[in-house]
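Here's my_file-v8.tsv, which has TSV, C-alpha atoms:
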chain	number	residue	atom	x	y	z
A	20	MET	CA	-29.84	-28.53	-22.43
A	21	MET	CA	-26.16	-27.74	-21.87
A	22	PRO	CA	-24.15	-27.49	-25.11
A	23	ILE	CA	-21.45	-30.13	-25.42
A	24	MET	CA	-18.02	-28.58	-25.23
A	25	PRO	CA	-15.72	-29.62	-28.11
A	26	TRP	CA	-12.86	-31.74	-26.77
A	27	THR	CA	-10.35	-29.24	-28.11
A	28	ASP	CA	-11.70	-26.59	-25.72
A	29	LYS	CA	-11.05	-28.81	-22.74
A	30	ILE	CA	-8.07	-28.56	-20.44
A	31	TYR	CA	-6.40	-31.74	-19.26
A	32	ALA	CA	-4.19	-32.29	-16.22
A	33	LYS	CA	-1.74	-35.09	-15.59
A	34	ASN	CA	-2.36	-37.60	-12.84
A	35	PRO	CA	0.65	-37.20	-10.52
A	36	ASP	CA	0.53	-40.95	-9.89
A	37	PHE	CA	2.08	-41.49	-13.31
A	38	VAL	CA	5.79	-40.97	-13.82
A	39	SER	CA	7.19	-40.37	-17.29
A	40	ARG	CA	10.63	-41.68	-18.17
A	41	GLU	CA	12.78	-41.90	-21.24
A	42	VAL	CA	14.46	-45.29	-21.45
A	43	ALA	CA	16.75	-46.09	-24.37
A	44	GLY	CA	14.96	-43.59	-26.59
A	45	GLU	CA	11.48	-44.80	-25.69
A	46	PHE	CA	9.08	-42.52	-23.85
A	47	ILE	CA	7.22	-44.46	-21.20
A	48	LEU	CA	4.58	-43.81	-18.57
A	49	ILE	CA	4.76	-45.73	-15.32
A	50	PRO	CA	1.84	-45.90	-12.90
A	51	ILE	CA	3.16	-45.89	-9.34
A	52	ARG	CA	0.12	-46.24	-7.08
A	53	ARG	CA	-2.02	-49.17	-6.12
A	54	GLN	CA	-5.39	-47.78	-7.16
A	55	LEU	CA	-4.24	-47.72	-10.76
A	56	ASN	CA	-5.24	-50.91	-12.49
A	57	GLU	CA	-2.01	-51.95	-14.10
A	58	VAL	CA	0.52	-50.90	-11.55
A	59	ASN	CA	3.24	-53.07	-13.07
A	60	SER	CA	2.62	-52.20	-16.70
A	61	LEU	CA	4.54	-49.72	-18.76
A	62	TYR	CA	2.87	-47.54	-21.34
A	63	VAL	CA	4.99	-46.65	-24.31
A	64	LEU	CA	4.27	-43.42	-26.19
A	65	ASN	CA	5.57	-42.66	-29.66
A	66	GLU	CA	7.67	-39.56	-30.26
A	67	THR	CA	4.68	-37.31	-30.92
A	68	GLY	CA	2.89	-38.73	-27.90
A	69	GLY	CA	5.89	-37.97	-25.69
A	70	VAL	CA	6.05	-34.36	-26.86
A	71	LEU	CA	2.32	-33.90	-26.36
A	72	TRP	CA	2.42	-35.51	-22.91
A	73	ASN	CA	5.07	-33.02	-21.87
A	74	ARG	CA	2.75	-30.17	-22.91
A	75	ILE	CA	-0.28	-31.27	-20.96
A	76	ASP	CA	-0.13	-28.91	-18.00
A	77	GLY	CA	-3.61	-28.41	-16.57
A	78	LYS	CA	-3.63	-24.82	-17.90
A	79	ARG	CA	-3.68	-24.81	-21.68
A	80	SER	CA	-6.59	-26.17	-23.69
A	81	ALA	CA	-6.08	-28.96	-26.19
A	82	ARG	CA	-6.63	-26.41	-28.95
A	83	GLU	CA	-3.77	-24.22	-27.69
A	84	ILE	CA	-1.46	-27.21	-27.44
A	85	ILE	CA	-2.35	-28.29	-30.98
A	86	GLU	CA	-1.79	-24.79	-32.35
A	87	ASP	CA	1.64	-24.51	-30.74
A	88	PHE	CA	2.60	-27.97	-31.88
A	89	SER	CA	1.57	-27.42	-35.52
A	90	LYS	CA	3.59	-24.20	-35.63
A	91	GLU	CA	6.72	-25.95	-34.39
A	92	PHE	CA	6.58	-29.22	-36.29
A	93	ASP	CA	6.08	-30.00	-39.95
A	94	VAL	CA	2.71	-31.69	-39.60
A	95	THR	CA	-0.78	-30.68	-40.67
A	96	ARG	CA	-3.18	-29.39	-38.06
A	97	GLU	CA	-5.68	-32.09	-39.04
A	98	GLN	CA	-3.13	-34.84	-38.47
A	99	ILE	CA	-2.00	-33.54	-35.10
A	100	GLU	CA	-5.60	-33.02	-34.00
A	101	LYS	CA	-6.38	-36.61	-34.90
A	102	ASP	CA	-3.25	-37.94	-33.13
A	103	PHE	CA	-3.84	-35.83	-30.04
A	104	ASN	CA	-7.47	-36.87	-29.82
A	105	SER	CA	-6.45	-40.50	-29.94
A	106	LEU	CA	-3.76	-39.94	-27.29
A	107	ILE	CA	-6.16	-38.08	-25.00
A	108	GLU	CA	-8.64	-40.95	-25.19
A	109	ASP	CA	-5.92	-43.47	-24.38
A	110	LEU	CA	-4.60	-41.40	-21.48
A	111	LEU	CA	-8.11	-40.89	-20.08
A	112	SER	CA	-8.77	-44.64	-20.31
A	113	ILE	CA	-5.78	-45.46	-18.11
A	114	ARG	CA	-6.43	-42.44	-15.88
A	115	ALA	CA	-3.07	-40.88	-16.68
A	116	ILE	CA	-4.88	-37.56	-17.20
A	117	GLU	CA	-8.15	-36.06	-16.19
A	118	GLU	CA	-10.24	-33.18	-17.42
A	119	ALA	CA	-9.33	-30.08	-15.46
A	120	PRO	CA	-11.99	-27.55	-14.41
A	121	SER	CA	-11.93	-24.73	-16.96
B	9	MET	CA	0.13	-46.10	-26.89
B	10	ILE	CA	0.99	-49.62	-25.86
B	11	GLY	CA	0.67	-51.16	-22.40
B	12	GLN	CA	3.36	-53.73	-21.84
B	13	LYS	CA	5.47	-55.42	-19.20
B	14	ARG	CA	8.82	-55.05	-20.91
B	15	LEU	CA	10.49	-52.72	-23.32
B	16	ALA	CA	10.98	-54.32	-26.70
B	17	LEU	CA	14.07	-52.68	-28.10
B	18	LEU	CA	17.19	-52.02	-26.10
B	19	PRO	CA	20.80	-51.58	-27.13
B	20	GLU	CA	23.12	-54.50	-26.38
B	21	ARG	CA	24.67	-52.50	-23.56
B	22	PHE	CA	22.21	-50.48	-21.55
B	23	PRO	CA	21.99	-49.95	-17.77
B	24	LEU	CA	18.47	-51.33	-17.47
B	25	ALA	CA	18.59	-53.27	-14.20
B	26	CYS	CA	20.35	-52.44	-10.95
B	27	GLN	CA	20.76	-54.61	-7.90
B	28	TRP	CA	21.62	-52.31	-5.03
B	29	GLU	CA	22.79	-53.63	-1.70
B	30	ILE	CA	21.75	-50.53	0.21
B	31	THR	CA	23.04	-51.77	3.55
B	32	CYS	CA	24.79	-54.67	5.26
B	33	ARG	CA	22.84	-53.87	8.42
B	34	CYS	CA	20.48	-56.61	9.51
B	35	ASN	CA	18.48	-57.52	12.60
B	36	LEU	CA	19.26	-61.22	12.02
B	37	ARG	CA	22.53	-63.15	11.83
B	38	CYS	CA	21.73	-65.91	9.36
B	39	ILE	CA	24.31	-68.66	9.44
B	40	MET	CA	24.99	-68.66	5.69
B	41	CYS	CA	24.84	-64.88	5.16
B	42	TYR	CA	27.70	-63.42	3.13
B	43	THR	CA	27.11	-59.79	4.16
B	44	ASP	CA	26.81	-60.29	7.92
B	45	CYS	CA	30.56	-59.84	8.39
B	46	PHE	CA	30.02	-56.15	7.48
B	47	ASN	CA	27.08	-55.77	9.87
B	48	ARG	CA	29.19	-53.95	12.43
B	49	PRO	CA	29.46	-50.30	13.45
B	50	VAL	CA	32.66	-49.35	11.68
B	51	LYS	CA	31.41	-50.71	8.35
B	52	ILE	CA	27.89	-49.35	8.84
B	53	ARG	CA	29.29	-45.86	9.36
B	54	ALA	CA	31.01	-46.14	5.97
B	55	GLU	CA	27.78	-46.91	4.11
B	56	LEU	CA	26.22	-44.42	1.71
B	57	SER	CA	24.27	-41.62	3.37
B	58	THR	CA	20.68	-40.86	2.39
B	59	ASP	CA	21.82	-37.94	0.23
B	60	GLU	CA	24.41	-40.06	-1.51
B	61	VAL	CA	21.89	-42.81	-2.24
B	62	LEU	CA	19.40	-40.33	-3.66
B	63	ARG	CA	22.02	-38.59	-5.78
B	64	ILE	CA	23.22	-41.86	-7.30
B	65	MET	CA	19.62	-42.94	-7.80
B	66	ASP	CA	18.95	-39.76	-9.76
B	67	GLU	CA	21.93	-40.57	-11.95
B	68	LEU	CA	20.56	-44.05	-12.60
B	69	ALA	CA	17.17	-42.63	-13.55
B	70	ASP	CA	18.78	-40.13	-15.92
B	71	ALA	CA	20.77	-42.97	-17.50
B	72	GLY	CA	17.53	-44.90	-18.15
B	73	THR	CA	17.68	-47.56	-15.44
B	74	LEU	CA	14.23	-49.00	-14.91
B	75	GLU	CA	14.49	-52.10	-12.74
B	76	LEU	CA	15.81	-51.55	-9.25
B	77	CYS	CA	16.32	-54.37	-6.78
B	78	LEU	CA	16.88	-53.12	-3.23
B	79	THR	CA	18.66	-55.70	-1.11
B	80	GLY	CA	20.93	-55.96	1.88
B	81	GLY	CA	21.64	-56.93	4.58
B	82	GLU	CA	18.11	-56.04	5.46
B	83	PRO	CA	16.96	-52.94	3.54
B	84	LEU	CA	14.30	-52.15	6.14
B	85	ALA	CA	17.02	-51.93	8.79
B	86	ARG	CA	17.97	-48.57	7.33
B	87	ALA	CA	16.14	-45.84	9.25
B	88	ASP	CA	15.82	-43.89	6.00
B	89	PHE	CA	14.44	-46.83	4.02
B	90	PHE	CA	11.17	-45.11	3.09
B	91	ASP	CA	13.00	-41.95	2.05
B	92	ILE	CA	14.95	-44.10	-0.39
B	93	TYR	CA	11.96	-46.18	-1.43
B	94	GLY	CA	9.67	-43.17	-1.88
B	95	HIS	CA	12.30	-41.42	-3.97
B	96	ALA	CA	12.74	-44.52	-6.11
B	97	LYS	CA	8.98	-44.75	-6.67
B	98	ALA	CA	8.78	-41.06	-7.55
B	99	LYS	CA	11.50	-41.63	-10.12
B	100	GLY	CA	9.48	-44.41	-11.72
B	101	PHE	CA	11.74	-47.38	-10.94
B	102	LEU	CA	10.16	-50.84	-10.94
B	103	ILE	CA	11.30	-51.95	-7.51
B	104	THR	CA	11.94	-55.44	-6.23
B	105	LEU	CA	12.65	-55.65	-2.51
B	106	PHE	CA	14.63	-58.50	-0.96
B	107	THR	CA	13.79	-58.70	2.74
B	108	ASN	CA	13.72	-61.13	5.63
B	109	GLY	CA	10.24	-59.80	6.40
B	110	THR	CA	10.73	-59.65	10.14
B	111	LEU	CA	10.69	-55.85	10.38
B	112	ILE	CA	7.41	-55.50	8.47
B	113	THR	CA	4.61	-54.13	10.61
B	114	GLU	CA	1.00	-53.29	9.73
B	115	GLU	CA	2.06	-49.69	9.18
B	116	ILE	CA	4.90	-50.67	6.89
B	117	ALA	CA	2.64	-53.06	4.98
B	118	ASP	CA	0.17	-50.19	4.52
B	119	ARG	CA	2.94	-48.01	3.12
B	120	PHE	CA	3.83	-50.70	0.61
B	121	ALA	CA	0.16	-51.10	-0.29
B	122	ALA	CA	-0.10	-47.39	-1.03
B	123	LEU	CA	3.05	-47.36	-3.15
B	124	PRO	CA	3.42	-50.96	-4.31
B	125	PRO	CA	6.72	-52.43	-5.36
B	126	TYR	CA	7.04	-54.56	-8.47
B	127	ARG	CA	7.66	-57.50	-6.14
B	128	ILE	CA	8.67	-58.33	-2.57
B	129	GLU	CA	10.85	-61.39	-2.07
B	130	ILE	CA	11.05	-62.88	1.41
B	131	SER	CA	13.46	-65.57	2.54
B	132	LEU	CA	11.53	-68.40	4.14
B	133	HIS	CA	14.16	-70.68	5.65
B	134	GLY	CA	11.83	-73.16	7.30
B	135	LEU	CA	8.23	-73.82	8.19
B	136	MET	CA	9.02	-74.98	11.70
B	137	GLU	CA	10.09	-72.35	14.18
B	138	HIS	CA	13.17	-74.26	15.33
B	139	THR	CA	14.39	-74.81	11.77
B	140	PHE	CA	13.80	-71.20	10.74
B	141	GLU	CA	15.51	-69.83	13.83
B	142	GLU	CA	18.40	-72.25	13.59
B	143	VAL	CA	19.14	-70.40	10.35
B	144	THR	CA	18.38	-66.84	11.47
B	145	ARG	CA	19.61	-67.12	15.07
B	146	GLY	CA	16.84	-64.66	15.98
B	147	ASN	CA	14.25	-65.50	18.62
B	148	GLY	CA	10.76	-64.71	17.43
B	149	SER	CA	11.91	-64.20	13.84
B	150	HIS	CA	9.82	-67.09	12.52
B	151	GLN	CA	6.60	-65.71	13.92
B	152	ARG	CA	7.40	-62.21	12.64
B	153	CYS	CA	8.24	-63.50	9.18
B	154	MET	CA	5.01	-65.53	8.94
B	155	SER	CA	3.00	-62.50	10.13
B	156	ALA	CA	4.66	-60.34	7.48
B	157	ILE	CA	3.75	-62.82	4.75
B	158	GLN	CA	0.13	-62.69	5.88
B	159	MET	CA	0.10	-58.88	6.05
B	160	LEU	CA	1.41	-58.63	2.51
B	161	LEU	CA	-1.04	-61.26	1.26
B	162	ASP	CA	-3.92	-59.40	2.93
B	163	ARG	CA	-2.94	-56.35	0.92
B	164	LYS	CA	-2.56	-58.35	-2.29
B	165	LEU	CA	1.04	-57.27	-2.75
B	166	PRO	CA	3.11	-59.18	-5.32
B	167	LEU	CA	5.10	-61.69	-3.31
B	168	LEU	CA	7.73	-64.34	-3.91
B	169	LEU	CA	9.08	-66.61	-1.19
B	170	LYS	CA	12.44	-68.28	-1.46
B	171	THR	CA	14.55	-70.77	0.39
B	172	THR	CA	18.24	-71.50	0.28
B	173	ALA	CA	18.64	-75.25	0.54
B	174	MET	CA	21.02	-76.07	3.37
B	175	THR	CA	21.93	-78.95	5.63
B	176	VAL	CA	19.75	-77.51	8.40
B	177	ASN	CA	16.53	-77.10	6.37
B	178	LYS	CA	16.77	-79.64	3.56
B	179	ASP	CA	14.10	-81.83	5.14
B	180	GLU	CA	11.60	-78.95	5.05
B	181	VAL	CA	12.14	-77.61	1.55
B	182	LEU	CA	9.35	-79.63	-0.03
B	183	ALA	CA	6.94	-78.71	2.75
B	184	ILE	CA	7.83	-75.05	2.31
B	185	LYS	CA	7.21	-75.31	-1.43
B	186	ARG	CA	3.82	-76.98	-0.84
B	187	TYR	CA	2.92	-74.27	1.67
B	188	VAL	CA	3.81	-71.53	-0.82
B	189	ASN	CA	1.90	-73.22	-3.64
B	190	GLY	CA	-1.12	-73.35	-1.34
B	191	LEU	CA	-1.03	-69.59	-0.82
B	192	GLY	CA	-2.12	-69.00	-4.42
B	193	GLY	CA	-0.44	-66.47	-6.65
B	194	VAL	CA	2.78	-66.45	-4.66
B	195	GLY	CA	5.99	-67.37	-6.46
B	196	TYR	CA	8.62	-69.71	-5.08
B	197	LYS	CA	12.34	-69.99	-5.74
B	198	LEU	CA	14.83	-72.48	-4.38
B	199	GLY	CA	18.43	-71.36	-4.15
B	200	GLU	CA	21.34	-73.74	-3.92
B	201	GLU	CA	24.30	-71.42	-3.93
B	202	MET	CA	26.36	-70.65	-0.84
B	203	ARG	CA	28.71	-67.70	-1.29
B	204	PRO	CA	31.90	-66.88	0.58
B	205	THR	CA	31.48	-63.92	2.91
B	206	LEU	CA	32.44	-60.42	1.76
B	207	GLU	CA	35.60	-60.83	3.83
B	208	GLY	CA	36.46	-63.95	1.85
B	209	SER	CA	35.64	-66.61	4.41
B	210	ASP	CA	34.24	-69.90	3.13
B	211	ALA	CA	32.33	-70.45	6.39
B	212	PRO	CA	28.87	-70.35	4.72
B	213	GLY	CA	29.95	-73.35	2.65
B	214	GLN	CA	29.73	-75.60	5.70
B	215	TRP	CA	25.94	-75.44	5.37
B	216	ALA	CA	25.88	-76.29	1.67
B	217	LEU	CA	24.34	-79.49	0.40
B	218	SER	CA	26.46	-81.91	-1.56
B	219	ASP	CA	25.65	-82.52	-5.22
B	220	GLU	CA	24.15	-85.86	-4.23
B	221	GLU	CA	21.95	-84.28	-1.55
B	222	LEU	CA	20.75	-81.63	-4.01
B	223	ARG	CA	19.97	-84.31	-6.58
B	224	GLU	CA	18.06	-86.31	-3.98
B	225	LEU	CA	16.06	-83.21	-2.99
B	226	ASN	CA	15.25	-82.13	-6.54
B	227	LEU	CA	14.23	-85.67	-7.53
B	228	GLN	CA	11.39	-85.54	-5.03
B	229	ASP	CA	9.54	-82.74	-6.79
B	230	PRO	CA	8.80	-82.62	-10.53
B	231	ALA	CA	9.08	-78.85	-10.81
B	232	LEU	CA	12.36	-78.73	-8.88
B	233	TRP	CA	13.69	-81.59	-10.98
B	234	ASP	CA	12.71	-79.81	-14.20
B	235	GLU	CA	14.53	-76.69	-13.02
B	236	ALA	CA	17.60	-78.71	-12.05
B	237	CYS	CA	17.62	-80.42	-15.46
B	238	ALA	CA	17.25	-77.08	-17.23
B	239	ARG	CA	20.19	-75.70	-15.23
B	240	GLN	CA	22.23	-78.76	-16.15
B	241	ALA	CA	21.34	-78.38	-19.82
B	242	ARG	CA	22.36	-74.73	-19.79
B	243	ALA	CA	25.65	-75.49	-18.07
B	244	GLY	CA	28.48	-75.23	-20.51
B	245	THR	CA	26.56	-73.03	-22.92
B	246	LEU	CA	26.03	-69.88	-20.89
B	247	THR	CA	28.21	-66.86	-20.80
B	248	CYS	CA	27.86	-64.11	-18.26
B	249	VAL	CA	25.86	-61.06	-19.27
B	250	SER	CA	26.43	-59.08	-16.08
B	251	GLY	CA	27.49	-55.56	-16.86
B	252	GLN	CA	25.65	-55.59	-20.17
B	253	ARG	CA	22.15	-54.64	-19.06
B	254	SER	CA	22.52	-55.23	-15.34
B	255	PHE	CA	24.94	-54.10	-12.68
B	256	HIS	CA	25.45	-54.06	-8.93
B	257	ILE	CA	26.07	-51.30	-6.42
B	258	ASP	CA	27.23	-52.14	-2.91
B	259	ALA	CA	26.46	-50.37	0.34
B	260	TYR	CA	29.51	-48.12	-0.06
B	261	GLY	CA	28.69	-46.87	-3.56
B	262	GLN	CA	30.95	-49.26	-5.46
B	263	LEU	CA	29.69	-50.11	-8.94
B	264	GLN	CA	30.37	-53.74	-9.84
B	265	LEU	CA	29.44	-56.32	-12.48
B	266	CYS	CA	27.20	-58.28	-10.13
B	267	SER	CA	26.85	-59.13	-6.46
B	268	GLY	CA	28.80	-62.35	-7.02
B	269	ASN	CA	31.77	-60.61	-8.61
B	270	ARG	CA	33.19	-57.66	-6.66
B	271	ARG	CA	36.78	-58.07	-7.69
B	272	GLN	CA	36.76	-54.71	-9.47
B	273	SER	CA	34.75	-51.65	-8.57
B	274	TYR	CA	34.15	-48.12	-9.70
B	275	ASP	CA	33.56	-45.62	-6.90
B	276	LEU	CA	30.28	-43.75	-7.44
B	277	ARG	CA	31.22	-41.40	-4.61
B	278	GLN	CA	34.07	-40.13	-6.78
B	279	GLY	CA	32.79	-40.43	-10.33
B	280	SER	CA	29.57	-40.43	-12.29
B	281	PHE	CA	27.42	-43.46	-13.00
B	282	LEU	CA	27.62	-42.93	-16.77
B	283	GLU	CA	31.41	-42.84	-16.62
B	284	GLY	CA	31.45	-46.02	-14.51
B	285	PHE	CA	28.94	-47.97	-16.58
B	286	TYR	CA	30.17	-47.08	-20.04
B	287	ASN	CA	33.91	-46.58	-19.54
B	288	HIS	CA	34.90	-48.86	-16.66
B	289	LEU	CA	32.46	-51.77	-16.28
B	290	PRO	CA	33.18	-53.23	-19.75
B	291	GLY	CA	36.79	-53.76	-18.73
B	292	PHE	CA	36.05	-55.55	-15.46
B	293	ALA	CA	37.16	-59.15	-15.33
B	294	CYS	CA	34.74	-62.03	-15.07
B	295	GLN	CA	35.75	-65.63	-15.45
B	296	TRP	CA	32.41	-66.41	-17.04
B	297	LYS	CA	32.56	-63.71	-19.68
B	298	ALA	CA	32.96	-64.82	-23.29
B	299	SER	CA	36.20	-63.90	-24.93
B	300	PRO	CA	35.54	-61.95	-28.14
B	301	THR	CA	37.88	-64.24	-30.07
B	302	LEU	CA	36.99	-67.54	-28.42
B	303	GLN	CA	33.88	-69.46	-29.40
B	304	LEU	CA	34.53	-72.54	-27.29
B	305	ILE	CA	32.12	-73.80	-24.66
B	306	GLN	CA	31.94	-71.51	-21.63
B	307	PRO	CA	31.29	-72.57	-18.04
B	308	SER	CA	27.91	-71.86	-16.49
B	309	ALA	CA	27.40	-68.41	-15.01
B	310	THR	CA	26.06	-69.60	-11.69
B	311	HIS	CA	26.82	-66.41	-9.79
B	312	VAL	CA	24.37	-64.15	-11.63

Represent the structure from my file as structure tokens, please.
Amino acid sequence: MMPIMPWTDKIYAKNPDFVSREVAGEFILIPIRRQLNEVNSLYVLNETGGVLWNRIDGKRSAREIIEDFSKEFDVTREQIEKDFNSLIEDLLSIRAIEEAPS
Amino acid sequence: MIGQKRLALLPERFPLACQWEITCRCNLRCIMCYTDCFNRPVKIRAELSTDEVLRIMDELADAGTLELCLTGGEPLARADFFDIYGHAKAKGFLITLFTNGTLITEEIADRFAALPPYRIEISLHGLMEHTFEEVTRGNGSHQRCMSAIQMLLDRKLPLLLKTTAMTVNKDEVLAIKRYVNGLGGVGYKLGEEMRPTLEGSDAPGQWALSDEELRELNLQDPALWDEACARQARAGTLTCVSGQRSFHIDAYGQLQLCSGNRRQSYDLRQGSFLEGFYNHLPGFACQWKASPTLQLIQPSATHV
């Protein structure tokens, strides 16, 4: 049986069919293609979500992103891991990101 | 993360929504059209180039503009339309396209299906060919428009059809509305306003319905009557909000309060959008704008 890889070891890549924009201080994701379910919906990310979205690059693992983030911002590693996990699940559910081959 | 249709919190002044008349070019010569007077070579040559449109569009995106209405003239009459549209999509604008529909082919419909706009609005002037083409003065335009509607419906694109009520089509308005309602999921809008041309001629007004004719028309349909009553109720209480969260850009790069008020402009070929929106637009005159010191009843802002 294959061991299950912890989510923090995974690498995620953005779906290029989502555009991120900052509008009046809000960080939003906009799906631009038909095959996405809610093509006319906006997805609003909080400040932490916006910073994390910008760091998802298809190269670094979630663990590396979390480590960098916790060094730069005054937040516990546990808290950022929890927030990032929740964000990743949300982004996967709307297909804004996908797991990249490691 | 929240999925939503609209942003909740915006400052009182913010450049959220742009209506951009990207050309006065058009393949039709509609009798009531206010831009057709500029549909001639010397004016067309003065319109924004592709590079200029894209540069200004980038400035809008950087400023936070989200809603972008591309209108004309006929936007699809620009040879570079899909360069502009594709760029706007890549920048994340929510795009509404105003079109006469007659230039839409299967290939163009496929392109819209792949990169869907927020909405496409098509002017449907009449159900009967002779009525439609009495307005457009274009042979075959009725058939092409109806085909376009079907192509967009086949691809499940968000569509709204609209009619300007005029002397030449007033007897078909209710039939058009019934037809649109029967399409399912397609919006309908009836316009009553006839604007002077961009050169200042009142010629389009000759096709306008009188108040009594409009009342007679609206009385025949409960939804139209409700809308007319709501407009009446709002009259006298509205002030104009153009320039607050919305603005207009014409085919030559002039930033204005709205398409119905072009008395003052800021030239986006010469200056930046941020400078124009924040430092010039607030000072532009509008007869419907509320005076900061006057709390009396204001006239209806019918030009918005």

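Using only C-alpha atoms, the residues found no farther than 8 Å from A:Phe46, other than those of its own chain fewer than 6 positions away, are Ser39, Arg40, Val63, Leu64, Asn65, Glu66 and Gly69 of chain A.
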
Keeping only C-alpha atoms, write the selected residues to a file as a PDB file, keeping the file's coordinate frame.
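And here is the file that came out, result.pdb:
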ATOM      1  CA  SER A  39       7.190 -40.370 -17.290  1.00  0.00           C
ATOM      2  CA  ARG A  40      10.630 -41.680 -18.170  1.00  0.00           C
ATOM      3  CA  VAL A  63       4.990 -46.650 -24.310  1.00  0.00           C
ATOM      4  CA  LEU A  64       4.270 -43.420 -26.190  1.00  0.00           C
ATOM      5  CA  ASN A  65       5.570 -42.660 -29.660  1.00  0.00           C
ATOM      6  CA  GLU A  66       7.670 -39.560 -30.260  1.00  0.00           C
ATOM      7  CA  GLY A  69       5.890 -37.970 -25.690  1.00  0.00           C
TER       8      GLY A  69
END

Residue nearest B:Gly94 among B:Asp162, B:Met65, B:Glu20, B:Leu123 (counting all atoms listed in the file)
B:Leu123

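In this model, the gap between atom CA of A:Glu118 and atom CA of A:Thr27 comes to 11.4 Å.
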
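Using only C-alpha atoms, the shortest contact distance between chain B and any of A:Asp28, A:Asp87, A:Ile75, A:Ser105 is found at A:Ser105.
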
Compile the contact shell of A:Tyr31 as an NGL selection string: residues with an atom at most 12 Å away, counting all atoms listed in the file, same-chain residues fewer than 2 positions apart removed.
:A and (26-29 or 33-34 or 71-84 or 103-104 or 106-108 or 110-111 or 114-121)

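The gap separating atom CA of B:Thr144 from atom CA of B:Asn269 is 24.9 Å, in Å to one decimal.
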
Which neighbours of B:Gly195 fall inside 8 Å, counting all atoms listed in the file, when residues of the same chain fewer than 6 positions from it are skipped, and could you give them as a list of chain:residue names?
B:Leu167, B:Leu168, B:Leu169, B:Val188, B:Asn189

Show me the residues close to (16.7, -44.4, -24.3) - anything with an atom within 12 Å, counting only C-alpha atoms - and format the list as a PyMOL selection string.
(chain A and resi 40-47+63+66) or (chain B and resi 15-19+21-24+69-74)

Deliver the residues from the most recent selection as a file, using C-alpha atoms, as a compact mmCIF listing (two decimals), in the frame of the given file.
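What landed in again18.txt:
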# COMPACT_ATOMS: atom_id res chain seq x y z
CA ARG A 40 10.63 -41.68 -18.17
CA GLU A 41 12.78 -41.90 -21.24
CA VAL A 42 14.46 -45.29 -21.45
CA ALA A 43 16.75 -46.09 -24.37
CA GLY A 44 14.96 -43.59 -26.59
CA GLU A 45 11.48 -44.80 -25.69
CA PHE A 46 9.08 -42.52 -23.85
CA ILE A 47 7.22 -44.46 -21.20
CA VAL A 63 4.99 -46.65 -24.31
CA GLU A 66 7.67 -39.56 -30.26
CA LEU B 15 10.49 -52.72 -23.32
CA ALA B 16 10.98 -54.32 -26.70
CA LEU B 17 14.07 -52.68 -28.10
CA LEU B 18 17.19 -52.02 -26.10
CA PRO B 19 20.80 -51.58 -27.13
CA ARG B 21 24.67 -52.50 -23.56
CA PHE B 22 22.21 -50.48 -21.55
CA PRO B 23 21.99 -49.95 -17.77
CA LEU B 24 18.47 -51.33 -17.47
CA ALA B 69 17.17 -42.63 -13.55
CA ASP B 70 18.78 -40.13 -15.92
CA ALA B 71 20.77 -42.97 -17.50
CA GLY B 72 17.53 -44.90 -18.15
CA THR B 73 17.68 -47.56 -15.44
CA LEU B 74 14.23 -49.00 -14.91

B:Gly192, B:Pro166, B:Gly146, B:Gly279: which is nearest B:Ile39, counting only C-alpha atoms?
B:Gly146

Non-local contacts of B:Cys237 (12 Å; only C-alpha atoms; under 4 positions in same chain excluded) as a tab-separated table (two decimals) with C-alpha atoms, in the coordinates of the input:
chain	number	residue	atom	x	y	z
B	222	LEU	CA	20.75	-81.63	-4.01
B	223	ARG	CA	19.97	-84.31	-6.58
B	226	ASN	CA	15.25	-82.13	-6.54
B	227	LEU	CA	14.23	-85.67	-7.53
B	230	PRO	CA	8.80	-82.62	-10.53
B	231	ALA	CA	9.08	-78.85	-10.81
B	232	LEU	CA	12.36	-78.73	-8.88
B	233	TRP	CA	13.69	-81.59	-10.98
B	241	ALA	CA	21.34	-78.38	-19.82
B	242	ARG	CA	22.36	-74.73	-19.79
B	243	ALA	CA	25.65	-75.49	-18.07

Protein/DNA/RNA residues near (1.7, -38.0, -33.1), cut 6 Å, all atoms listed in the file, as a PDB file with C-alpha atoms, in the coordinates of the input:
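Dumped everything to selection32.pdb:
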ATOM      1  CA  THR A  67       4.680 -37.310 -30.920  1.00  0.00           C
ATOM      2  CA  GLY A  68       2.890 -38.730 -27.900  1.00  0.00           C
ATOM      3  CA  ASP A 102      -3.250 -37.940 -33.130  1.00  0.00           C
TER       4      ASP A 102
END

Would you mind reading off the distance between atom CA of B:His138 and atom CA of B:Asp210, one decimal, in Å?
24.7 Å

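For the choices B:Lys99, B:Arg270, B:Lys164, B:Lys178, the atom-to-atom distance to chain A is smallest for B:Lys99 when using all atoms listed in the file.
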